[in-house]
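Data file: protein36.cif. Format and content: mmCIF, C-alpha atoms.
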```cif
data_structure
loop_
_atom_site.group_PDB
_atom_site.id
_atom_site.type_symbol
_atom_site.label_atom_id
_atom_site.label_comp_id
_atom_site.auth_asym_id
_atom_site.auth_seq_id
_atom_site.Cartn_x
_atom_site.Cartn_y
_atom_site.Cartn_z
ATOM 1 C CA MET A 1 15.858 7.872 -2.093
ATOM 2 C CA MET A 2 12.278 8.716 -2.992
ATOM 3 C CA GLN A 3 10.865 6.404 -5.641
ATOM 4 C CA LYS A 4 9.110 8.987 -7.793
ATOM 5 C CA LEU A 5 7.251 6.505 -9.935
ATOM 6 C CA TRP A 6 4.357 8.942 -10.315
ATOM 7 C CA LEU A 7 6.711 11.467 -11.911
ATOM 8 C CA LYS A 8 7.940 8.922 -14.445
ATOM 9 C CA LYS A 9 4.340 8.333 -15.596
ATOM 10 C CA PRO A 10 5.303 4.822 -16.785
ATOM 11 C CA THR A 11 3.461 3.443 -19.784
ATOM 12 C CA ILE A 12 1.322 0.571 -18.571
ATOM 13 C CA ASN A 13 -1.694 -1.265 -19.873
ATOM 14 C CA TYR A 14 -4.925 -1.146 -17.905
ATOM 15 C CA SER A 15 -8.595 -1.543 -18.683
ATOM 16 C CA LYS A 16 -11.328 1.095 -18.847
ATOM 17 C CA ASP A 17 -12.471 -0.183 -15.439
ATOM 18 C CA VAL A 18 -9.470 1.590 -13.879
ATOM 19 C CA LEU A 19 -10.233 5.127 -12.735
ATOM 20 C CA ASP A 20 -6.741 5.855 -11.475
ATOM 21 C CA ILE A 21 -3.502 4.285 -10.248
ATOM 22 C CA LEU A 22 -1.969 6.039 -7.264
ATOM 23 C CA GLN A 23 1.333 5.974 -5.442
ATOM 24 C CA PHE A 24 0.948 6.754 -1.749
ATOM 25 C CA GLY A 25 2.465 6.044 1.666
ATOM 26 C CA SER A 26 6.042 6.237 2.886
ATOM 27 C CA SER A 27 7.577 6.100 -0.594
ATOM 28 C CA MET A 28 6.068 9.540 -1.198
ATOM 29 C CA GLU A 29 7.814 11.168 1.741
ATOM 30 C CA GLU A 30 11.096 12.943 1.158
ATOM 31 C CA GLY A 31 13.725 12.134 3.749
ATOM 32 C CA LYS A 32 12.392 8.633 4.414
ATOM 33 C CA THR A 33 13.704 5.253 3.285
ATOM 34 C CA PRO A 34 10.688 3.162 2.319
ATOM 35 C CA ASN A 35 10.641 -0.626 2.487
ATOM 36 C CA ASP A 36 8.064 -0.965 -0.240
ATOM 37 C CA LEU A 37 6.039 1.002 -2.719
ATOM 38 C CA ASP A 38 2.335 1.353 -1.926
ATOM 39 C CA ILE A 39 0.063 1.510 -4.937
ATOM 40 C CA ALA A 40 -3.711 1.940 -4.921
ATOM 41 C CA VAL A 41 -5.699 1.024 -8.009
ATOM 42 C CA ILE A 42 -9.090 2.744 -8.051
ATOM 43 C CA PHE A 43 -11.698 0.863 -10.054
ATOM 44 C CA ASN A 44 -15.191 1.457 -11.261
ATOM 45 C CA LYS A 45 -17.721 -0.691 -9.424
ATOM 46 C CA ILE A 46 -16.747 -4.138 -10.714
ATOM 47 C CA PRO A 47 -16.594 -7.486 -8.871
ATOM 48 C CA LEU A 48 -13.757 -7.765 -6.368
ATOM 49 C CA LYS A 49 -12.319 -10.807 -8.095
ATOM 50 C CA GLU A 50 -11.909 -8.815 -11.291
ATOM 51 C CA GLN A 51 -10.356 -5.925 -9.356
ATOM 52 C CA LEU A 52 -7.766 -8.233 -7.811
ATOM 53 C CA ASP A 53 -6.940 -9.978 -11.086
ATOM 54 C CA GLN A 54 -6.488 -6.671 -12.895
ATOM 55 C CA ALA A 55 -4.466 -5.218 -10.007
ATOM 56 C CA GLN A 56 -2.060 -8.160 -10.190
ATOM 57 C CA LYS A 57 -1.444 -7.445 -13.873
ATOM 58 C CA ILE A 58 -0.775 -3.787 -13.098
ATOM 59 C CA LYS A 59 1.549 -4.765 -10.260
ATOM 60 C CA LYS A 60 3.632 -6.972 -12.561
ATOM 61 C CA GLN A 61 4.060 -4.087 -14.992
ATOM 62 C CA LEU A 62 4.983 -1.582 -12.258
ATOM 63 C CA GLU A 63 7.566 -3.941 -10.757
ATOM 64 C CA LYS A 64 9.654 -3.447 -13.886
ATOM 65 C CA PHE A 65 10.071 0.245 -13.083
ATOM 66 C CA VAL A 66 11.143 0.087 -9.416
ATOM 67 C CA GLU A 67 13.573 -1.825 -7.248
ATOM 68 C CA LEU A 68 11.363 -1.890 -4.137
ATOM 69 C CA PRO A 69 8.645 -4.511 -3.630
ATOM 70 C CA VAL A 70 5.298 -3.221 -4.884
ATOM 71 C CA HIS A 71 2.410 -3.523 -2.432
ATOM 72 C CA ILE A 72 -0.819 -3.150 -4.361
ATOM 73 C CA ASN A 73 -4.269 -2.294 -2.984
ATOM 74 C CA SER A 74 -7.532 -2.397 -4.954
ATOM 75 C CA PHE A 75 -10.480 -0.134 -4.279
ATOM 76 C CA ASP A 76 -13.650 1.103 -5.855
ATOM 77 C CA LEU A 77 -14.988 4.446 -4.705
ATOM 78 C CA TYR A 78 -17.148 2.728 -2.063
ATOM 79 C CA SER A 79 -14.365 0.699 -0.482
ATOM 80 C CA LEU A 80 -11.906 3.601 -0.792
ATOM 81 C CA PHE A 81 -14.001 5.746 1.523
ATOM 82 C CA ASP A 82 -15.213 2.904 3.740
ATOM 83 C CA ALA A 83 -14.572 3.342 7.461
ATOM 84 C CA SER A 84 -12.544 0.133 7.513
ATOM 85 C CA ASN A 85 -10.021 1.485 5.007
ATOM 86 C CA PHE A 86 -7.322 2.889 7.295
ATOM 87 C CA ALA A 87 -5.269 3.993 4.281
ATOM 88 C CA LYS A 88 -7.879 6.394 2.905
ATOM 89 C CA GLU A 89 -6.422 9.518 4.504
ATOM 90 C CA SER A 90 -2.980 8.759 3.139
ATOM 91 C CA ILE A 91 -4.382 7.978 -0.315
ATOM 92 C CA LEU A 92 -6.533 11.080 -0.429
ATOM 93 C CA PHE A 93 -3.922 13.404 1.032
ATOM 94 C CA SER A 94 -0.639 12.173 -0.389
ATOM 95 C CA GLY A 95 -1.721 9.945 -3.278
ATOM 96 C CA LYS A 96 -0.236 10.909 -6.628
ATOM 97 C CA SER A 97 -1.624 9.617 -9.888
ATOM 98 C CA ILE A 98 0.752 7.500 -11.921
ATOM 99 C CA ILE A 99 -1.544 8.004 -14.904
ATOM 100 C CA TYR A 100 -1.883 11.784 -14.690
ATOM 101 C CA GLY A 101 1.300 12.656 -12.778
ATOM 102 C CA ASP A 102 -0.473 14.830 -10.242
ATOM 103 C CA ASP A 103 -2.254 14.810 -6.872
ATOM 104 C CA PHE A 104 -5.258 12.484 -6.692
ATOM 105 C CA ALA A 105 -6.997 15.096 -4.526
ATOM 106 C CA LYS A 106 -6.852 17.556 -7.435
ATOM 107 C CA ARG A 107 -9.118 15.245 -9.429
ATOM 108 C CA LEU A 108 -11.639 15.699 -6.624
ATOM 109 C CA GLY A 109 -11.224 19.471 -6.691
ATOM 110 C CA PHE A 110 -8.787 19.886 -3.792
ATOM 111 C CA SER A 111 -5.152 20.778 -3.380
ATOM 112 C CA PRO A 112 -3.465 19.008 -0.430
ATOM 113 C CA LYS A 113 -1.107 21.126 1.674
ATOM 114 C CA ILE A 114 0.690 21.021 4.986
ATOM 115 C CA GLN A 115 0.602 24.166 7.085
ATOM 116 C CA ILE A 116 3.191 24.517 9.832
ATOM 117 C CA TYR A 117 2.635 27.104 12.534
ATOM 118 C CA TYR A 118 5.737 27.965 14.549
ATOM 119 C CA SER A 119 6.838 30.470 17.164
ATOM 120 C CA LEU A 120 10.377 31.834 17.441
ATOM 121 C CA GLU A 121 9.635 33.690 20.671
ATOM 122 C CA ASN A 122 11.971 31.620 22.807
ATOM 123 C CA LEU A 123 14.905 31.753 20.418
ATOM 124 C CA LYS A 124 17.933 34.003 20.746
ATOM 125 C CA LYS A 125 18.276 36.594 18.005
ATOM 126 C CA LYS A 126 21.107 34.725 16.255
ATOM 127 C CA ASP A 127 19.007 31.534 16.198
ATOM 128 C CA LYS A 128 16.038 33.422 14.779
ATOM 129 C CA VAL A 129 18.330 34.567 11.960
ATOM 130 C CA ARG A 130 19.585 30.992 11.433
ATOM 131 C CA PHE A 131 15.987 29.744 11.368
ATOM 132 C CA ASN A 132 15.064 32.254 8.689
ATOM 133 C CA TYR A 133 18.158 31.337 6.660
ATOM 134 C CA MET A 134 17.082 27.709 6.935
ATOM 135 C CA LEU A 135 13.694 28.575 5.452
ATOM 136 C CA SER A 136 14.562 31.300 2.995
ATOM 137 C CA GLY A 137 18.237 30.743 2.196
ATOM 138 C CA LYS A 138 21.259 33.002 2.445
ATOM 139 C CA GLY A 139 23.584 34.639 -0.062
ATOM 140 C CA GLY A 140 22.025 33.085 -3.149
ATOM 141 C CA GLU A 141 21.702 29.608 -1.634
ATOM 142 C CA TYR A 142 18.277 28.047 -1.723
ATOM 143 C CA GLY A 143 16.406 27.730 1.539
ATOM 144 C CA LEU A 144 14.039 24.864 2.240
ATOM 145 C CA LEU A 145 11.023 26.830 1.000
ATOM 146 C CA ARG A 146 12.447 27.446 -2.440
ATOM 147 C CA GLU A 147 14.031 24.010 -2.649
ATOM 148 C CA HIS A 148 10.751 22.248 -1.832
ATOM 149 C CA LYS A 149 8.328 24.725 -3.403
ATOM 150 C CA GLY A 150 6.893 25.911 -0.114
ATOM 151 C CA GLU A 151 5.584 29.324 0.787
ATOM 152 C CA LEU A 152 5.819 31.658 3.748
ATOM 153 C CA LEU A 153 2.180 32.712 4.205
ATOM 154 C CA LYS A 154 2.984 35.081 7.071
ATOM 155 C CA PRO A 155 5.574 35.220 9.860
ATOM 156 C CA GLY A 156 5.077 32.022 11.852
ATOM 157 C CA LEU A 157 3.179 30.138 9.150
ATOM 158 C CA ILE A 158 4.498 28.197 6.163
ATOM 159 C CA GLU A 159 2.633 26.097 3.633
ATOM 160 C CA ILE A 160 4.331 23.155 1.949
ATOM 161 C CA ASN A 161 3.554 20.087 -0.126
ATOM 162 C CA PRO A 162 2.660 16.869 1.757
ATOM 163 C CA GLU A 163 5.734 14.976 0.560
ATOM 164 C CA SER A 164 8.047 17.563 2.176
ATOM 165 C CA GLU A 165 6.560 17.343 5.681
ATOM 166 C CA ASN A 166 9.376 15.259 7.151
ATOM 167 C CA VAL A 167 12.093 17.494 5.780
ATOM 168 C CA PHE A 168 10.566 20.599 7.322
ATOM 169 C CA VAL A 169 9.509 19.010 10.607
ATOM 170 C CA ASN A 170 12.952 17.497 11.194
ATOM 171 C CA SER A 171 14.677 20.788 10.395
ATOM 172 C CA ILE A 172 12.351 22.804 12.637
ATOM 173 C CA LYS A 173 12.780 20.311 15.489
ATOM 174 C CA GLU A 174 16.511 21.062 15.559
ATOM 175 C CA PHE A 175 15.719 24.587 16.737
ATOM 176 C CA LYS A 176 13.582 23.333 19.635
ATOM 177 C CA VAL A 177 10.772 25.772 18.859
ATOM 178 C CA ASP A 178 7.049 25.285 19.432
ATOM 179 C CA PHE A 179 5.267 24.276 16.264
ATOM 180 C CA ARG A 180 2.185 22.444 15.108
ATOM 181 C CA VAL A 181 1.325 20.786 11.819
ATOM 182 C CA LYS A 182 -2.033 21.011 10.108
ATOM 183 C CA LYS A 183 -3.116 19.049 7.041
ATOM 184 C CA VAL A 184 -5.444 21.018 4.776
ATOM 185 C CA LEU A 185 -7.290 20.404 1.520
ATOM 186 C CA LEU A 186 -7.631 23.714 -0.286
ATOM 187 C CA ALA A 187 -10.606 24.112 -2.598
ATOM 188 C CA MET B 1 1.500 -39.596 8.615
ATOM 189 C CA ASN B 2 3.742 -38.384 5.840
ATOM 190 C CA LYS B 3 4.191 -34.769 4.727
ATOM 191 C CA GLU B 4 1.518 -35.065 2.036
ATOM 192 C CA ASP B 5 -1.088 -36.442 4.454
ATOM 193 C CA ILE B 6 -0.300 -33.706 6.971
ATOM 194 C CA LEU B 7 -0.709 -30.961 4.378
ATOM 195 C CA ILE B 8 -3.994 -32.414 3.104
ATOM 196 C CA LYS B 9 -5.369 -32.732 6.636
ATOM 197 C CA ALA B 10 -4.314 -29.194 7.546
ATOM 198 C CA ALA B 11 -5.632 -27.714 4.304
ATOM 199 C CA LYS B 12 -9.043 -29.376 4.621
ATOM 200 C CA GLU B 13 -9.325 -28.490 8.300
ATOM 201 C CA TYR B 14 -8.598 -24.821 7.549
ATOM 202 C CA PHE B 15 -10.998 -24.835 4.615
ATOM 203 C CA TYR B 16 -13.931 -26.374 6.509
ATOM 204 C CA SER B 17 -13.255 -24.169 9.540
ATOM 205 C CA GLY B 18 -13.301 -21.268 7.073
ATOM 206 C CA ASN B 19 -16.736 -22.420 5.922
ATOM 207 C CA ASP B 20 -17.953 -22.506 9.538
ATOM 208 C CA GLU B 21 -16.790 -18.939 10.134
ATOM 209 C CA PHE B 22 -18.108 -17.812 6.761
ATOM 210 C CA ASN B 23 -21.564 -19.194 7.551
ATOM 211 C CA LYS B 24 -21.557 -17.286 10.840
ATOM 212 C CA GLY B 25 -20.712 -14.052 9.019
ATOM 213 C CA ARG B 26 -17.241 -13.870 10.617
ATOM 214 C CA TYR B 27 -15.447 -12.858 7.463
ATOM 215 C CA ASN B 28 -12.099 -11.816 9.005
ATOM 216 C CA SER B 29 -11.701 -15.293 10.477
ATOM 217 C CA ALA B 30 -12.923 -16.889 7.242
ATOM 218 C CA VAL B 31 -10.367 -14.931 5.192
ATOM 219 C CA VAL B 32 -7.516 -16.035 7.479
ATOM 220 C CA LEU B 33 -8.611 -19.675 7.413
ATOM 221 C CA TYR B 34 -9.215 -19.808 3.659
ATOM 222 C CA PHE B 35 -5.813 -18.246 3.080
ATOM 223 C CA LYS B 36 -4.189 -20.833 5.335
ATOM 224 C CA ALA B 37 -5.979 -23.538 3.336
ATOM 225 C CA LEU B 38 -4.653 -21.935 0.155
ATOM 226 C CA VAL B 39 -1.107 -21.987 1.569
ATOM 227 C CA SER B 40 -1.333 -25.612 2.671
ATOM 228 C CA PHE B 41 -2.625 -26.692 -0.745
ATOM 229 C CA SER B 42 0.104 -24.612 -2.417
ATOM 230 C CA ASP B 43 2.772 -26.296 -0.287
ATOM 231 C CA LEU B 44 1.233 -29.632 -1.210
ATOM 232 C CA TYR B 45 1.451 -28.696 -4.889
ATOM 233 C CA VAL B 46 5.130 -27.771 -4.503
ATOM 234 C CA LEU B 47 5.713 -31.048 -2.659
ATOM 235 C CA GLN B 48 4.006 -33.051 -5.401
ATOM 236 C CA LYS B 49 6.048 -31.321 -8.112
ATOM 237 C CA THR B 50 9.453 -31.055 -6.435
ATOM 238 C CA GLY B 51 9.518 -33.451 -3.496
ATOM 239 C CA ASN B 52 10.190 -30.567 -1.096
ATOM 240 C CA THR B 53 8.109 -28.117 0.926
ATOM 241 C CA PRO B 54 8.822 -24.405 1.460
ATOM 242 C CA SER B 55 10.228 -23.488 4.868
ATOM 243 C CA SER B 56 8.832 -19.964 5.183
ATOM 244 C CA HIS B 57 6.612 -17.424 3.445
ATOM 245 C CA ASN B 58 9.690 -15.949 1.736
ATOM 246 C CA ASP B 59 10.786 -19.386 0.562
ATOM 247 C CA ARG B 60 7.242 -20.156 -0.643
ATOM 248 C CA PHE B 61 7.043 -16.943 -2.665
ATOM 249 C CA LYS B 62 10.517 -17.498 -4.133
ATOM 250 C CA ILE B 63 9.890 -21.111 -5.171
ATOM 251 C CA THR B 64 6.463 -20.451 -6.657
ATOM 252 C CA GLU B 65 7.511 -17.248 -8.429
ATOM 253 C CA GLU B 66 10.392 -19.060 -10.112
ATOM 254 C CA ASN B 67 8.655 -22.361 -10.890
ATOM 255 C CA PHE B 68 4.886 -22.088 -10.604
ATOM 256 C CA PRO B 69 3.812 -18.548 -11.548
ATOM 257 C CA GLU B 70 0.099 -19.414 -11.575
ATOM 258 C CA VAL B 71 0.376 -20.477 -7.919
ATOM 259 C CA TYR B 72 2.535 -17.474 -7.051
ATOM 260 C CA ASN B 73 -0.086 -15.203 -8.570
ATOM 261 C CA LEU B 74 -2.792 -16.540 -6.244
ATOM 262 C CA LEU B 75 -0.600 -16.283 -3.146
ATOM 263 C CA ASP B 76 0.730 -12.849 -4.017
ATOM 264 C CA LYS B 77 -2.767 -11.548 -4.739
ATOM 265 C CA ASP B 78 -4.318 -12.810 -1.508
ATOM 266 C CA PHE B 79 -1.436 -12.447 0.972
ATOM 267 C CA PRO B 80 -1.988 -8.703 1.616
ATOM 268 C CA PHE B 81 -5.500 -9.465 2.902
ATOM 269 C CA TYR B 82 -4.179 -12.103 5.271
ATOM 270 C CA GLN B 83 -1.626 -9.561 6.517
ATOM 271 C CA SER B 84 -4.173 -6.805 7.010
ATOM 272 C CA SER B 85 -6.856 -9.025 8.546
ATOM 273 C CA TYR B 86 -5.684 -7.862 11.997
ATOM 274 C CA VAL B 87 -6.616 -4.263 11.346
ATOM 275 C CA GLN B 88 -9.225 -4.266 8.600
ATOM 276 C CA ILE B 89 -12.794 -5.415 8.333
ATOM 277 C CA MET B 90 -13.035 -8.142 5.705
ATOM 278 C CA ASN B 91 -16.240 -8.632 3.753
ATOM 279 C CA LYS B 92 -18.153 -11.556 2.302
ATOM 280 C CA GLU B 93 -17.047 -10.882 -1.275
ATOM 281 C CA LEU B 94 -13.365 -11.014 -0.328
ATOM 282 C CA ALA B 95 -13.835 -14.214 1.687
ATOM 283 C CA GLU B 96 -15.485 -15.782 -1.371
ATOM 284 C CA VAL B 97 -12.571 -14.786 -3.611
ATOM 285 C CA ILE B 98 -10.008 -16.409 -1.311
ATOM 286 C CA LYS B 99 -12.247 -19.441 -0.831
ATOM 287 C CA ASP B 100 -12.364 -19.892 -4.621
ATOM 288 C CA ASP B 101 -8.566 -19.611 -4.807
ATOM 289 C CA ALA B 102 -8.213 -22.324 -2.141
ATOM 290 C CA LYS B 103 -10.569 -24.476 -4.229
ATOM 291 C CA ILE B 104 -8.425 -23.914 -7.331
ATOM 292 C CA MET B 105 -5.375 -25.226 -5.478
ATOM 293 C CA ALA B 106 -7.362 -28.147 -4.057
ATOM 294 C CA GLU B 107 -8.236 -29.146 -7.614
ATOM 295 C CA LYS B 108 -4.645 -28.719 -8.809
ATOM 296 C CA THR B 109 -3.526 -31.109 -6.069
ATOM 297 C CA ASN B 110 -6.325 -33.590 -6.895
ATOM 298 C CA ASN B 111 -8.234 -33.035 -3.669
ATOM 299 C CA LYS B 112 -11.991 -32.817 -3.364
ATOM 300 C CA LEU B 113 -13.585 -30.368 -0.946
#
```

What is this structure when it is put down as structure tokens?
Amino acid sequence: MMQKLWLKKPTINYSKDVLDILQFGSSMEEGKTPNDLDIAVIFNKIPLKEQLDQAQKIKKQLEKFVELPVHINSFDLYSLFDASNFAKESILFSGKSIIYGDDFAKRLGFSPKIQIYYSLENLKKKDKVRFNYMLSGKGGEYGLLREHKGELLKPGLIEINPESENVFVNSIKEFKVDFRVKKVLLA
Amino acid sequence: MNKEDILIKAAKEYFYSGNDEFNKGRYNSAVVLYFKALVSFSDLYVLQKTGNTPSSHNDRFKITEENFPEVYNLLDKDFPFYQSSYVQIMNKELAEVIKDDAKIMAEKTNNKL
């Protein structure tokens, strides 16, 4: 079950030093069972000790809203984009603001999307039809695109939200078709 | 040597080794060693208060969370850095924070560094 803490927009206390509080990582991915809930607190440039003390207070408040262990990370904008921060791609691409209830990337002027290119060339006709039903639905039933707010950009190319990547990739894999996944930030 | 002596010896050894690494600018090693010093002093604190020592990280977190929240807070705050020290570059500021936390626990257990 996805722990949609960012959708709940829980009421928590934090100082003016906090720029944003983000949920990111495996708990954001539909179709996965996370072991913990990754949270990134983005601070103004303040001493690290203060960041860590404030982050602990935020963690204690967030723990009341979820059953999973909360794993909290503190950053300022320098350390967030530092080369040694291996989590930055995940934070930037899939991070959702618990304060604003939306993509962190949108605050930077971007909309994160997954584009999946696929080819049905090697499929039999009946499997091509099944594939299209899977994406677009059949007889009034929702397909994956409608269910997960994705879009067919053109035949062979769909665009979806980052949190739905696993759902689509796993479903496409069942058809044994060639496909590739591209992460994009749309301006 | 009794349990208390062992924990004091280990804690001080980790702390001073942390200082050596810190002075050489090896902050990943310093972070690991200061955290280990913090853990040894925390175990010593639990021993002094309860007569027992934790048997694992899980046990340590459970005991301190239930009985000594101020100690739990230090461990819980710093543990993620110890865990990620294998794959992340640690800096001087972080090493200083964990060093200070080890010092706090040294004081709480009546040890001078």

Inset, instruction - Specify as a PyMOL selection string each residue included when the PyMOL selection byres ((chain A and resi 111) around 10) is applied to this file. - result: chain A and resi 93+103-110+112-113+161+184-187

Legend entry - Resolved residues for the PyMOL selection byres ((chain A) within 8 of (chain B)) as JSON, numbers by chain: {"A": [48, 49, 52, 53, 56, 71, 84, 85, 86]}

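CA of Pro69 (chain A) lies 20.7 Å from CA of Val39 (chain B).
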
Inset, instruction - Name the residues that the PyMOL selection byres ((chain B and resi 37) around 8) picks from the file above, as a PyMOL selection string, using the file's chain letters and numbers. - result: chain B and resi 10-15+33-36+38-41+102

Take the residues from that selection and write them out as a short mmCIF file (atom, residue, chain, number, x, y, z; two decimals), keeping the file's coordinate frame, keeping C-alpha atoms.
```
data_model
loop_
_atom_site.label_atom_id
_atom_site.label_comp_id
_atom_site.auth_asym_id
_atom_site.auth_seq_id
_atom_site.Cartn_x
_atom_site.Cartn_y
_atom_site.Cartn_z
CA ALA B 10 -4.31 -29.19 7.55
CA ALA B 11 -5.63 -27.71 4.30
CA LYS B 12 -9.04 -29.38 4.62
CA GLU B 13 -9.32 -28.49 8.30
CA TYR B 14 -8.60 -24.82 7.55
CA PHE B 15 -11.00 -24.84 4.62
CA LEU B 33 -8.61 -19.68 7.41
CA TYR B 34 -9.22 -19.81 3.66
CA PHE B 35 -5.81 -18.25 3.08
CA LYS B 36 -4.19 -20.83 5.34
CA LEU B 38 -4.65 -21.94 0.16
CA VAL B 39 -1.11 -21.99 1.57
CA SER B 40 -1.33 -25.61 2.67
CA PHE B 41 -2.62 -26.69 -0.74
CA ALA B 102 -8.21 -22.32 -2.14
#
```

Inset, instruction - Considering all atoms listed in the file, return as a ChimeraX atom specification whatever protein or nucleic-acid residues lie within 7 Å of Gly101 (chain A), sequence-local ones (same chain, fewer than 6 positions apart) excluded. - result: /A:6-7,9

Inset, instruction - Using all atoms listed in the file, pick whichever of A:Val169, A:Ile99, A:Leu144, A:Leu157 has the shortest atom-to-atom distance to Thr11 (chain A). - result: A:Ile99

Inset, instruction - Name all residues at most 9 Å from Ala95 (chain B) (count all atoms listed in the file; drop same-chain ones fewer than 4 positions away) and give them as a PyMOL selection string. - result: chain B and resi 18+22+27-28+30-32+34+90-91+99-100

If I wrap all listed atoms of region 82-101 of chain A in a box with edges along x, y and z and add 3 Å on each side, what are its centre and edge lengths in Å to one decimal, as AutoDock Vina command-line options?
```
--center_x -7.0 --center_y 6.8 --center_z -3.7 --size_x 22.5 --size_y 19.3 --size_z 28.4
```

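Shortest atom-to-atom contact with Lys59 (chain A) among A:Ala83, A:Leu22, A:Asp17, A:Lys45: A:Leu22, counting only C-alpha atoms.
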
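Proximity ranking of A:Asp102, A:Glu151, A:Asp82, A:Glu121 relative to Lys8 (chain A) places A:Asp102 first, based on only C-alpha atoms.
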
Legend entry - Pick from B:Ser29, B:Asn19, B:Ser42, B:Asn2 nearest to Lys108 (chain B), counting only C-alpha atoms: B:Ser42

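Pairwise distance (CA of Leu152 (chain A), CA of Ile98 (chain A)) equals 29.2 Å.
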
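In this structure, CA of Phe75 (chain A) sits 11.5 Å away from CA of Gln54 (chain A).
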
For region 78-81 of chain A, work out the shell of residues within 10 Å, counting only C-alpha atoms and skipping chain neighbours fewer than 5 positions away, then give it as a PDB file with C-alpha atoms, in the frame of the given file.
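Listing of out.pdb after writing:
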```pdb
ATOM      1  CA  ALA A  40      -3.711   1.940  -4.921  1.00  0.00           C
ATOM      2  CA  VAL A  41      -5.699   1.024  -8.009  1.00  0.00           C
ATOM      3  CA  ILE A  42      -9.090   2.744  -8.051  1.00  0.00           C
ATOM      4  CA  PHE A  43     -11.698   0.863 -10.054  1.00  0.00           C
ATOM      5  CA  ASN A  44     -15.191   1.457 -11.261  1.00  0.00           C
ATOM      6  CA  LYS A  45     -17.721  -0.691  -9.424  1.00  0.00           C
ATOM      7  CA  ASN A  73      -4.269  -2.294  -2.984  1.00  0.00           C
ATOM      8  CA  PHE A  86      -7.322   2.889   7.295  1.00  0.00           C
ATOM      9  CA  ALA A  87      -5.269   3.993   4.281  1.00  0.00           C
ATOM     10  CA  LYS A  88      -7.879   6.394   2.905  1.00  0.00           C
ATOM     11  CA  GLU A  89      -6.422   9.518   4.504  1.00  0.00           C
ATOM     12  CA  ILE A  91      -4.382   7.978  -0.315  1.00  0.00           C
ATOM     13  CA  LEU A  92      -6.533  11.080  -0.429  1.00  0.00           C
TER      14      LEU A  92
END
```

Inset, instruction - Show which residues sit within 8 Å of Ile58 (chain A), as a ChimeraX atom specification. Count all atoms listed in the file, and ignore same-chain residues fewer than 6 positions away. - result: /A:12-14
